[in-house]
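Peer 1: Just one file: target17.cif, with mmCIF, C-alpha atoms.
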```cif
data_query
loop_
_atom_site.group_PDB
_atom_site.id
_atom_site.type_symbol
_atom_site.label_atom_id
_atom_site.label_comp_id
_atom_site.auth_asym_id
_atom_site.auth_seq_id
_atom_site.Cartn_x
_atom_site.Cartn_y
_atom_site.Cartn_z
ATOM 1 C CA MET P 413 0.058 29.119 14.379
ATOM 2 C CA LYS P 414 2.240 26.067 14.862
ATOM 3 C CA GLY P 415 -0.904 23.944 14.745
ATOM 4 C CA ALA P 416 -1.879 25.443 11.383
ATOM 5 C CA TYR P 417 1.537 24.592 9.940
ATOM 6 C CA THR P 418 1.344 21.055 11.302
ATOM 7 C CA TRP P 419 -2.118 20.374 9.897
ATOM 8 C CA GLY P 420 -1.190 22.038 6.607
ATOM 9 C CA GLY P 421 1.774 19.660 6.440
ATOM 10 C CA ILE P 422 -0.456 16.680 7.234
ATOM 11 C CA VAL P 423 -2.891 17.676 4.469
ATOM 12 C CA VAL P 424 -0.037 17.919 1.942
ATOM 13 C CA VAL P 425 1.324 14.512 3.004
ATOM 14 C CA VAL P 426 -2.108 12.871 2.720
ATOM 15 C CA PHE P 427 -2.820 14.512 -0.639
ATOM 16 C CA ALA P 428 0.537 13.502 -2.125
ATOM 17 C CA SER P 429 0.336 9.908 -0.930
ATOM 18 C CA VAL P 430 -3.255 9.469 -2.140
ATOM 19 C CA VAL P 431 -2.261 10.850 -5.568
ATOM 20 C CA GLY P 432 0.759 8.530 -5.568
ATOM 21 C CA ASP P 433 -1.230 5.430 -4.594
ATOM 22 C CA VAL P 434 -3.916 6.090 -7.198
ATOM 23 C CA LEU P 435 -1.372 6.692 -9.974
ATOM 24 C CA LEU P 436 0.595 3.559 -9.044
ATOM 25 C CA ALA P 437 -2.576 1.465 -8.897
ATOM 26 C CA ARG P 438 -3.647 2.785 -12.305
ATOM 27 C CA ALA P 439 -0.173 2.154 -13.734
ATOM 28 C CA MET P 440 -0.192 -1.479 -12.587
ATOM 29 C CA LYS P 441 -3.689 -2.043 -13.980
ATOM 30 C CA GLN P 442 -2.349 -0.760 -17.322
ATOM 31 C CA VAL P 443 0.660 -3.072 -17.093
ATOM 32 C CA GLY P 444 -1.668 -5.989 -16.401
ATOM 33 C CA ASP P 445 -1.560 -9.050 -14.133
ATOM 34 C CA VAL P 446 2.147 -9.438 -13.410
ATOM 35 C CA HIS P 447 1.858 -13.199 -12.788
ATOM 36 C CA ASP P 448 0.291 -13.810 -16.206
ATOM 37 C CA LEU P 449 2.689 -11.487 -17.955
ATOM 38 C CA TRP P 450 5.721 -13.068 -16.296
ATOM 39 C CA ARG P 451 4.650 -16.562 -17.332
ATOM 40 C CA ARG P 452 4.104 -15.487 -20.917
ATOM 41 C CA THR P 453 7.031 -13.146 -21.541
ATOM 42 C CA GLY P 454 9.523 -13.551 -18.708
ATOM 43 C CA LEU P 455 10.607 -11.059 -16.066
ATOM 44 C CA TRP P 456 12.406 -8.450 -18.157
ATOM 45 C CA PRO P 457 9.396 -7.258 -20.213
ATOM 46 C CA VAL P 458 7.416 -6.932 -16.960
ATOM 47 C CA VAL P 459 10.111 -4.640 -15.544
ATOM 48 C CA THR P 460 10.482 -2.503 -18.678
ATOM 49 C CA ARG P 461 6.710 -2.222 -19.111
ATOM 50 C CA THR P 462 6.318 -1.057 -15.532
ATOM 51 C CA LEU P 463 9.236 1.381 -15.557
ATOM 52 C CA GLY P 464 8.174 2.742 -18.953
ATOM 53 C CA ASN P 465 4.642 3.527 -17.768
ATOM 54 C CA SER P 466 4.169 7.287 -17.316
ATOM 55 C CA ASN P 467 1.643 6.870 -14.489
ATOM 56 C CA PHE P 468 4.200 4.755 -12.638
ATOM 57 C CA PHE P 469 6.771 7.501 -13.006
ATOM 58 C CA LEU P 470 4.322 10.179 -11.805
ATOM 59 C CA GLY P 471 3.184 7.954 -8.944
ATOM 60 C CA VAL P 472 6.730 7.454 -7.690
ATOM 61 C CA THR P 473 7.301 11.218 -7.933
ATOM 62 C CA ALA P 474 4.163 11.870 -5.872
ATOM 63 C CA MET P 475 5.310 9.290 -3.303
ATOM 64 C CA ALA P 476 8.685 11.049 -3.067
ATOM 65 C CA CYS P 477 6.857 14.367 -2.489
ATOM 66 C CA ALA P 478 4.777 12.670 0.230
ATOM 67 C CA PHE P 479 7.947 11.385 1.888
ATOM 68 C CA PHE P 480 9.696 14.749 1.944
ATOM 69 C CA SER P 481 6.597 16.650 3.057
ATOM 70 C CA LEU P 482 6.277 14.106 5.876
ATOM 71 C CA LEU P 483 9.812 15.002 6.940
ATOM 72 C CA PHE P 484 8.872 18.692 6.981
ATOM 73 C CA ALA P 485 5.594 18.046 8.820
ATOM 74 C CA LEU P 486 7.496 16.000 11.404
ATOM 75 C CA SER P 487 9.839 18.915 12.007
ATOM 76 C CA TRP P 488 6.834 21.231 12.597
ATOM 77 C CA GLY P 489 4.685 18.975 14.746
ATOM 78 C CA ASP P 490 4.901 16.091 17.192
ATOM 79 C CA VAL P 491 5.516 12.607 15.841
ATOM 80 C CA SER P 492 2.632 11.341 17.960
ATOM 81 C CA LEU P 493 0.211 13.588 16.061
ATOM 82 C CA VAL P 494 1.694 13.770 12.561
ATOM 83 C CA ALA P 495 2.446 10.056 11.976
ATOM 84 C CA PRO P 496 -0.944 8.582 12.984
ATOM 85 C CA ALA P 497 -2.974 11.448 11.501
ATOM 86 C CA ALA P 498 -1.217 11.238 8.133
ATOM 87 C CA ALA P 499 -1.371 7.419 8.012
ATOM 88 C CA SER P 500 -5.024 7.067 8.938
ATOM 89 C CA LEU P 501 -6.303 9.986 6.824
ATOM 90 C CA THR P 502 -4.476 8.436 3.865
ATOM 91 C CA PHE P 503 -6.600 5.288 4.217
ATOM 92 C CA ILE P 504 -9.837 7.289 4.148
ATOM 93 C CA GLY P 505 -8.611 9.486 1.281
ATOM 94 C CA ASN P 506 -7.607 6.415 -0.710
ATOM 95 C CA ALA P 507 -11.047 4.847 -0.342
ATOM 96 C CA PHE P 508 -12.647 7.999 -1.821
ATOM 97 C CA ALA P 509 -10.014 8.331 -4.546
ATOM 98 C CA ALA P 510 -10.216 4.650 -5.523
ATOM 99 C CA LYS P 511 -13.973 4.961 -5.937
ATOM 100 C CA ILE P 512 -13.825 8.190 -7.951
ATOM 101 C CA PHE P 513 -10.693 7.754 -10.072
ATOM 102 C CA LEU P 514 -10.167 3.987 -10.288
ATOM 103 C CA HIS P 515 -13.889 3.093 -10.425
ATOM 104 C CA GLU P 516 -13.444 0.448 -7.767
ATOM 105 C CA ARG P 517 -16.605 -0.818 -6.168
ATOM 106 C CA VAL P 518 -16.142 0.559 -2.691
ATOM 107 C CA ASP P 519 -19.168 -1.130 -1.112
ATOM 108 C CA ARG P 520 -20.253 -0.996 2.534
ATOM 109 C CA ARG P 521 -17.840 -3.805 3.390
ATOM 110 C CA ARG P 522 -14.877 -1.755 2.162
ATOM 111 C CA TRP P 523 -16.032 1.500 3.779
ATOM 112 C CA ILE P 524 -16.277 -0.271 7.122
ATOM 113 C CA ALA P 525 -12.841 -1.796 6.555
ATOM 114 C CA ALA P 526 -11.285 1.574 5.630
ATOM 115 C CA THR P 527 -12.784 3.206 8.740
ATOM 116 C CA LEU P 528 -11.708 0.377 11.074
ATOM 117 C CA VAL P 529 -8.185 0.328 9.658
ATOM 118 C CA ALA P 530 -7.897 4.133 9.846
ATOM 119 C CA ALA P 531 -9.003 4.100 13.499
ATOM 120 C CA GLY P 532 -6.694 1.187 14.316
ATOM 121 C CA VAL P 533 -3.696 2.813 12.649
ATOM 122 C CA ALA P 534 -4.398 6.059 14.525
ATOM 123 C CA LEU P 535 -4.308 4.134 17.815
ATOM 124 C CA LEU P 536 -1.220 2.064 16.970
ATOM 125 C CA ALA P 537 0.926 4.752 15.373
ATOM 126 C CA GLY P 538 0.221 7.268 18.160
ATOM 127 C CA MET Z 901 -7.011 -15.896 -5.267
ATOM 128 C CA THR Z 902 -4.198 -18.397 -5.543
ATOM 129 C CA PHE Z 903 -1.690 -19.366 -2.881
ATOM 130 C CA ARG Z 904 0.931 -17.374 -4.747
ATOM 131 C CA LYS Z 905 -1.163 -14.211 -4.518
ATOM 132 C CA TYR Z 906 -1.595 -14.661 -0.771
ATOM 133 C CA LEU Z 907 2.196 -14.994 -0.579
ATOM 134 C CA VAL Z 908 2.574 -11.653 -2.384
ATOM 135 C CA LEU Z 909 0.185 -9.980 0.093
ATOM 136 C CA ALA Z 910 2.137 -11.525 2.976
ATOM 137 C CA GLY Z 911 5.298 -10.107 1.391
ATOM 138 C CA VAL Z 912 3.712 -6.621 1.292
ATOM 139 C CA THR Z 913 2.997 -6.854 5.031
ATOM 140 C CA VAL Z 914 6.257 -8.418 6.220
ATOM 141 C CA PHE Z 915 8.682 -6.437 4.031
ATOM 142 C CA ALA Z 916 7.077 -3.103 5.002
ATOM 143 C CA ALA Z 917 7.176 -3.852 8.722
ATOM 144 C CA ALA Z 918 10.700 -5.316 8.718
ATOM 145 C CA GLY Z 919 12.089 -2.605 6.423
ATOM 146 C CA ASP Z 920 10.621 0.238 8.483
ATOM 147 C CA SER Z 921 11.901 -1.113 11.779
ATOM 148 C CA MET Z 922 15.417 -1.782 10.438
ATOM 149 C CA LEU Z 923 15.532 1.715 8.963
ATOM 150 C CA SER Z 924 14.408 3.315 12.219
ATOM 151 C CA HIS Z 925 16.886 1.214 14.226
ATOM 152 C CA GLY Z 926 19.713 2.229 11.894
ATOM 153 C CA MET Z 927 18.759 5.910 11.848
ATOM 154 C CA LYS Z 928 18.808 6.005 15.646
ATOM 155 C CA GLN Z 929 22.425 4.806 15.491
ATOM 156 C CA THR Z 930 23.515 7.338 12.865
ATOM 157 C CA GLY Z 931 21.815 10.325 14.505
ATOM 158 C CA ASN Z 932 20.139 13.399 13.054
ATOM 159 C CA ILE Z 933 20.498 14.473 9.453
ATOM 160 C CA SER Z 934 20.072 18.168 8.659
ATOM 161 C CA LEU Z 935 19.827 20.048 5.390
ATOM 162 C CA HIS Z 936 23.203 21.646 6.146
ATOM 163 C CA HIS Z 937 24.998 18.311 6.487
ATOM 164 C CA LEU Z 938 23.703 16.294 3.582
ATOM 165 C CA GLN Z 939 26.809 14.096 3.632
ATOM 166 C CA GLY Z 940 25.150 12.566 6.696
ATOM 167 C CA ILE Z 941 22.790 10.739 4.305
ATOM 168 C CA ILE Z 942 25.732 8.923 2.690
ATOM 169 C CA LEU Z 943 27.036 7.880 6.107
ATOM 170 C CA ALA Z 944 23.538 6.700 7.023
ATOM 171 C CA VAL Z 945 23.306 4.481 3.931
ATOM 172 C CA LEU Z 946 26.606 2.840 4.898
ATOM 173 C CA ASN Z 947 25.056 1.720 8.186
ATOM 174 C CA PRO Z 948 24.219 -1.997 7.699
ATOM 175 C CA TRP Z 949 20.764 -1.669 9.331
ATOM 176 C CA VAL Z 950 19.844 1.207 7.033
ATOM 177 C CA ALA Z 951 21.189 -0.643 3.968
ATOM 178 C CA VAL Z 952 19.215 -3.816 4.756
ATOM 179 C CA GLY Z 953 16.170 -1.675 5.541
ATOM 180 C CA ILE Z 954 16.367 -0.025 2.115
ATOM 181 C CA VAL Z 955 16.662 -3.425 0.382
ATOM 182 C CA LEU Z 956 13.617 -4.682 2.315
ATOM 183 C CA LEU Z 957 11.621 -1.572 1.402
ATOM 184 C CA LEU Z 958 12.503 -2.151 -2.271
ATOM 185 C CA ALA Z 959 11.171 -5.705 -1.860
ATOM 186 C CA PHE Z 960 8.030 -4.202 -0.293
ATOM 187 C CA PHE Z 961 7.608 -1.876 -3.274
ATOM 188 C CA ALA Z 962 7.995 -4.753 -5.745
ATOM 189 C CA SER Z 963 5.384 -6.901 -3.995
ATOM 190 C CA TYR Z 964 3.068 -3.880 -3.589
ATOM 191 C CA MET Z 965 3.234 -3.194 -7.345
ATOM 192 C CA ASN Z 966 2.732 -6.907 -8.011
ATOM 193 C CA ALA Z 967 -0.402 -6.960 -5.835
ATOM 194 C CA LEU Z 968 -1.795 -3.769 -7.431
ATOM 195 C CA SER Z 969 -1.531 -5.415 -10.859
ATOM 196 C CA TRP Z 970 -4.250 -7.945 -9.976
ATOM 197 C CA ALA Z 971 -6.146 -6.436 -7.047
ATOM 198 C CA ASP Z 972 -7.957 -3.205 -6.129
ATOM 199 C CA LEU Z 973 -6.157 -0.462 -4.230
ATOM 200 C CA THR Z 974 -8.846 -0.692 -1.521
ATOM 201 C CA TYR Z 975 -8.093 -4.435 -1.264
ATOM 202 C CA VAL Z 976 -4.287 -4.166 -1.001
ATOM 203 C CA LEU Z 977 -4.076 -1.180 1.372
ATOM 204 C CA PRO Z 978 -5.513 -2.930 4.457
ATOM 205 C CA ALA Z 979 -2.826 -5.596 3.946
ATOM 206 C CA THR Z 980 -0.139 -2.927 4.333
ATOM 207 C CA SER Z 981 -1.710 -1.872 7.632
ATOM 208 C CA LEU Z 982 -1.298 -5.423 8.996
ATOM 209 C CA GLY Z 983 2.383 -4.462 9.244
ATOM 210 C CA TYR Z 984 1.532 -2.247 12.261
ATOM 211 C CA VAL Z 985 -0.100 -5.249 13.920
ATOM 212 C CA LEU Z 986 2.939 -7.383 13.154
ATOM 213 C CA LEU Z 987 5.267 -4.767 14.684
ATOM 214 C CA ALA Z 988 3.181 -4.568 17.866
ATOM 215 C CA LEU Z 989 3.176 -8.377 18.177
ATOM 216 C CA VAL Z 990 6.947 -8.528 17.642
ATOM 217 C CA ALA Z 991 7.365 -5.802 20.300
ATOM 218 C CA LYS Z 992 5.254 -7.814 22.724
ATOM 219 C CA PHE Z 993 6.472 -11.375 22.180
ATOM 220 C CA ALA Z 994 10.032 -11.021 20.843
ATOM 221 C CA LEU Z 995 11.192 -7.827 22.578
ATOM 222 C CA HIS Z 996 8.938 -8.250 25.673
ATOM 223 C CA GLU Z 997 7.882 -4.598 25.531
ATOM 224 C CA GLN Z 998 4.676 -3.353 27.135
ATOM 225 C CA VAL Z 999 1.773 -3.069 24.671
ATOM 226 C CA SER Z 1000 -0.872 -0.744 26.105
ATOM 227 C CA PRO Z 1001 -4.620 -1.592 26.045
ATOM 228 C CA LEU Z 1002 -5.197 1.215 23.507
ATOM 229 C CA ARG Z 1003 -2.731 -0.480 21.163
ATOM 230 C CA TRP Z 1004 -4.477 -3.837 21.572
ATOM 231 C CA ILE Z 1005 -7.717 -2.101 20.575
ATOM 232 C CA GLY Z 1006 -5.875 -0.717 17.533
ATOM 233 C CA ILE Z 1007 -4.685 -4.233 16.642
ATOM 234 C CA ALA Z 1008 -8.240 -5.557 16.936
ATOM 235 C CA LEU Z 1009 -9.637 -2.753 14.738
ATOM 236 C CA ILE Z 1010 -7.054 -3.274 11.976
ATOM 237 C CA SER Z 1011 -7.473 -7.051 12.021
ATOM 238 C CA GLY Z 1012 -11.245 -6.634 11.850
ATOM 239 C CA GLY Z 1013 -10.935 -4.236 8.923
ATOM 240 C CA VAL Z 1014 -8.630 -6.588 7.038
ATOM 241 C CA GLY Z 1015 -11.049 -9.458 7.676
ATOM 242 C CA PHE Z 1016 -13.908 -7.402 6.215
ATOM 243 C CA VAL Z 1017 -12.013 -6.712 2.974
ATOM 244 C CA ALA Z 1018 -10.507 -10.191 2.638
ATOM 245 C CA GLY Z 1019 -13.995 -11.731 2.668
ATOM 246 C CA GLY Z 1020 -14.897 -9.875 -0.542
ATOM 247 C CA PRO Z 1021 -13.613 -9.974 -4.122
ATOM 248 C CA ALA Z 1022 -10.054 -8.838 -4.840
ATOM 249 C CA LEU Z 1023 -10.788 -7.062 -8.117
ATOM 250 C CA THR Z 1024 -13.843 -4.954 -8.915
ATOM 251 C CA ALA Z 1025 -12.430 -2.231 -11.168
ATOM 252 C CA GLN Z 1026 -11.489 -2.369 -14.828
ATOM 253 C CA ALA Z 1027 -14.870 -3.026 -16.431
ATOM 254 C CA GLU Z 1028 -13.847 -1.266 -19.655
ATOM 255 C CA GLY Z 1029 -10.581 -3.169 -19.914
ATOM 256 C CA LEU Z 1030 -12.441 -6.460 -19.593
ATOM 257 C CA GLU Z 1031 -14.921 -5.546 -22.257
ATOM 258 C CA SER Z 1032 -12.253 -4.978 -24.888
ATOM 259 C CA LYS Z 1033 -10.288 -8.074 -23.884
ATOM 260 C CA TYR Z 1034 -13.090 -10.534 -23.230
ATOM 261 C CA PRO Z 1035 -16.204 -9.171 -24.987
ATOM 262 C CA LEU Z 1036 -18.300 -12.292 -24.308
ATOM 263 C CA LEU Z 1037 -17.617 -12.267 -20.580
ATOM 264 C CA ALA Z 1038 -18.310 -8.561 -20.310
ATOM 265 C CA LYS Z 1039 -21.625 -9.123 -22.095
ATOM 266 C CA ASP Z 1040 -22.501 -11.692 -19.453
ATOM 267 C CA ALA Z 1041 -21.618 -9.124 -16.837
ATOM 268 C CA ARG Z 1042 -24.024 -6.633 -18.365
ATOM 269 C CA ASN Z 1043 -26.728 -9.291 -18.298
ATOM 270 C CA GLY Z 1044 -26.567 -9.412 -14.547
ATOM 271 C CA ALA Z 1045 -23.696 -11.647 -13.471
ATOM 272 C CA PRO Z 1046 -21.661 -9.904 -10.777
ATOM 273 C CA LEU Z 1047 -18.597 -8.281 -12.248
ATOM 274 C CA SER Z 1048 -16.246 -9.608 -9.599
ATOM 275 C CA ASP Z 1049 -16.985 -13.228 -10.565
ATOM 276 C CA VAL Z 1050 -16.470 -12.386 -14.199
ATOM 277 C CA SER Z 1051 -13.094 -10.802 -13.650
ATOM 278 C CA HIS Z 1052 -12.071 -13.822 -11.606
ATOM 279 C CA ASP Z 1053 -13.160 -16.141 -14.426
ATOM 280 C CA ALA Z 1054 -11.358 -13.996 -16.950
ATOM 281 C CA VAL Z 1055 -8.132 -14.353 -15.031
ATOM 282 C CA THR Z 1056 -8.536 -18.120 -14.798
ATOM 283 C CA ILE Z 1057 -9.360 -18.427 -18.469
ATOM 284 C CA SER Z 1058 -6.429 -16.346 -19.612
ATOM 285 C CA SER Z 1059 -4.018 -18.339 -17.472
ATOM 286 C CA GLY Z 1060 -5.653 -21.591 -18.619
ATOM 287 C CA VAL Z 1061 -4.987 -20.714 -22.236
ATOM 288 C CA GLN Z 1062 -1.348 -20.156 -21.485
ATOM 289 C CA ARG Z 1063 -0.990 -23.576 -19.924
#
```
Taking this structure as input, can you express it in the form of structure tokens?
Peer 2:
Amino acid sequence: MKGAYTWGGIVVVVFASVVGDVLLARAMKQVGDVHDLWRRTGLWPVVTRTLGNSNFFLGVTAMACAFFSLLFALSWGDVSLVAPAAASLTFIGNAFAAKIFLHERVDRRRWIAATLVAAGVALLAG
Amino acid sequence: MTFRKYLVLAGVTVFAAAGDSMLSHGMKQTGNISLHHLQGIILAVLNPWVAVGIVLLLAFFASYMNALSWADLTYVLPATSLGYVLLALVAKFALHEQVSPLRWIGIALISGGVGFVAGGPALTAQAEGLESKYPLLAKDARNGAPLSDVSHDAVTISSGVQR
């Protein structure tokens, strides 16, 4: 039963952080290349444009949910399981989500990279 | 990819790793925080390690958002994972801790993954956005030129105009 709680917590953490990453990535694509924008308009408009973006706001909220659900998951399960599992599954989930929702070209090169990084993070964070 | 953009990616890696380790060092000094003693959070923030850690994580967030404005999510994310590698190397060479063989394999896997992504284009998304902004370039893209090259050109052109 404890295992079910732990894995349920991990799933919630992964889901919330993937949603957060995708929303933040979409928000910043809507804001536009920050370097260009900064050169043209200065720093302040870049900041207000970012903070005023609704996807940015939702993304930060999702990230906050991911953070607090990680705290709960950590109190249910071992750090050595929860931390690496959540971190590496987030990489895989993000590759899928980026392809589906952000229309990124996740080619073979990027799938291999996502898998290698997920495996490496699982080994290092454990 | 300009030198400045590589600097931003380096910032993503370094700020995340440094911020996380300062935060964890500080939290070990302050002790456990429970839901019944929320004032513990305020005490924790007053700890200099925790405070510096929070500032560094804010810097990480700023450079992460910066990177996401001109690169794909699947391009930036592996850069964040390099932070784990950095932490393991610091543990080995600065703190002289033991790094197990399994962890070295992890380091190799992450570095390999980052190498795979870094060899490719930074931006592949945003075809529709390009079309409305640079209709001629997007037309070229439809005629067979790879989209990644086009988006790169578009960025160079737009910055060239500004200069």
Peer 1: Give me, as a VMD selection string, the residues of chain Z touching chain P, with the criterion being at most 7 Å (counting all atoms listed in the file).
Peer 2: chain Z and resid 965 to 966 968 to 970 972 to 974 978 984 1002 to 1003 1006 to 1007 1009 to 1010 1013 to 1014 1016 to 1017 1024 to 1025 1059
Peer 1: Starting from the shown file, work through the PyMOL selection byres ((chain Z and resi 946-949) around 12) and note down what comes out as a list of chain:residue names.
Peer 2: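 Listing what the PyMOL selection byres ((chain Z and resi 946-949) around 12) selects in the shown file: Z:Ala918, Z:Gly919, Z:Asp920, Z:Ser921, Z:Met922, Z:Leu923, Z:Ser924, Z:His925, Z:Gly926, Z:Met927, Z:Lys928, Z:Gln929, Z:Thr930, Z:Gly931, Z:Gln939, Z:Gly940, Z:Ile941, Z:Ile942, Z:Leu943, Z:Ala944, Z:Val945, Z:Val950, Z:Ala951, Z:Val952, Z:Gly953, Z:Ile954, Z:Val955, Z:Leu956.
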Peer 1: Apply the PyMOL selection byres ((chain Z and resi 903-907) around 10) to the displayed file and report the matching residues as a PyMOL selection string.
Peer 2: (chain P and resi 447) or (chain Z and resi 901-902+908-913+963+966-967+970-971)
Peer 1: Please, could you write that set of residues out with C-alpha atoms as a short mmCIF file (atom, residue, chain, number, x, y, z; two decimals), keeping the file's coordinate frame?
Peer 2:
```
data_model
loop_
_atom_site.label_atom_id
_atom_site.label_comp_id
_atom_site.auth_asym_id
_atom_site.auth_seq_id
_atom_site.Cartn_x
_atom_site.Cartn_y
_atom_site.Cartn_z
CA HIS P 447 1.86 -13.20 -12.79
CA MET Z 901 -7.01 -15.90 -5.27
CA THR Z 902 -4.20 -18.40 -5.54
CA VAL Z 908 2.57 -11.65 -2.38
CA LEU Z 909 0.18 -9.98 0.09
CA ALA Z 910 2.14 -11.52 2.98
CA GLY Z 911 5.30 -10.11 1.39
CA VAL Z 912 3.71 -6.62 1.29
CA THR Z 913 3.00 -6.85 5.03
CA SER Z 963 5.38 -6.90 -4.00
CA ASN Z 966 2.73 -6.91 -8.01
CA ALA Z 967 -0.40 -6.96 -5.84
CA TRP Z 970 -4.25 -7.94 -9.98
CA ALA Z 971 -6.15 -6.44 -7.05
#
```
Peer 1: When you draw a straight line from atom CA of P:Thr473 to atom CA of P:Trp450, how long is it in Å?
Peer 2: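 Value for the atom CA of P:Thr473-atom CA of P:Trp450 distance: 25.7 Å.
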Peer 1: Can you measure atom CA of P:Phe479 to atom CA of P:Phe513 for me? One decimal in Å is fine.
Peer 2: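 Distance reported for this atom pair: 22.4 Å.
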Peer 1: Just how far from atom CA of P:Ser466 is atom CA of Z:Leu982, in Å to one decimal?
Peer 2: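 Straight-line distance from atom CA of Z:Leu982 to atom CA of P:Ser466 works out to 29.7 Å.
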Peer 1: Please list as a list in words every residue within 10 Å of P:Ser487, counting all atoms listed in the file and excluding residues in the same chain fewer than 5 positions away.
Peer 2: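 Here the qualifying residues turn out to be Thr418, Gly421, Ser481, Leu482 and Val494 of chain P.
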Peer 1: Selection from above, C-alpha atoms, as a compact mmCIF listing (two decimals), in the coordinates of the input, can you write it?
Peer 2:
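Output (result.txt):
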```txt
# COMPACT_ATOMS: atom_id res chain seq x y z
CA THR P 418 1.34 21.06 11.30
CA GLY P 421 1.77 19.66 6.44
CA SER P 481 6.60 16.65 3.06
CA LEU P 482 6.28 14.11 5.88
CA VAL P 494 1.69 13.77 12.56
```
Peer 1: For stretch 968-973 of chain Z, I'd like the enclosing box, axis-aligned and padded by 5 Å on every side, reported as lines of an AutoDock Vina configuration file with centre and edge lengths in Å to one decimal.
Peer 2:
```
center_x = -4.7
center_y = -4.2
center_z = -7.5
size_x = 16.4
size_y = 17.5
size_z = 16.6
```
Peer 1: Restricting the calculation to all atoms listed in the file, which member of P:Tyr417, P:Phe484, P:Leu435, P:Val426 is positioned closest to P:Ala497?
Peer 2: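 Result for the nearest residue to P:Ala497: P:Val426.
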Peer 1: When distances are computed from only C-alpha atoms, which of P:Ile422, P:Met475, P:Val459, P:Leu493 shows the smallest separation from Z:Ala962?
Peer 2: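 Using only C-alpha atoms, the shortest distance to Z:Ala962 belongs to P:Val459.
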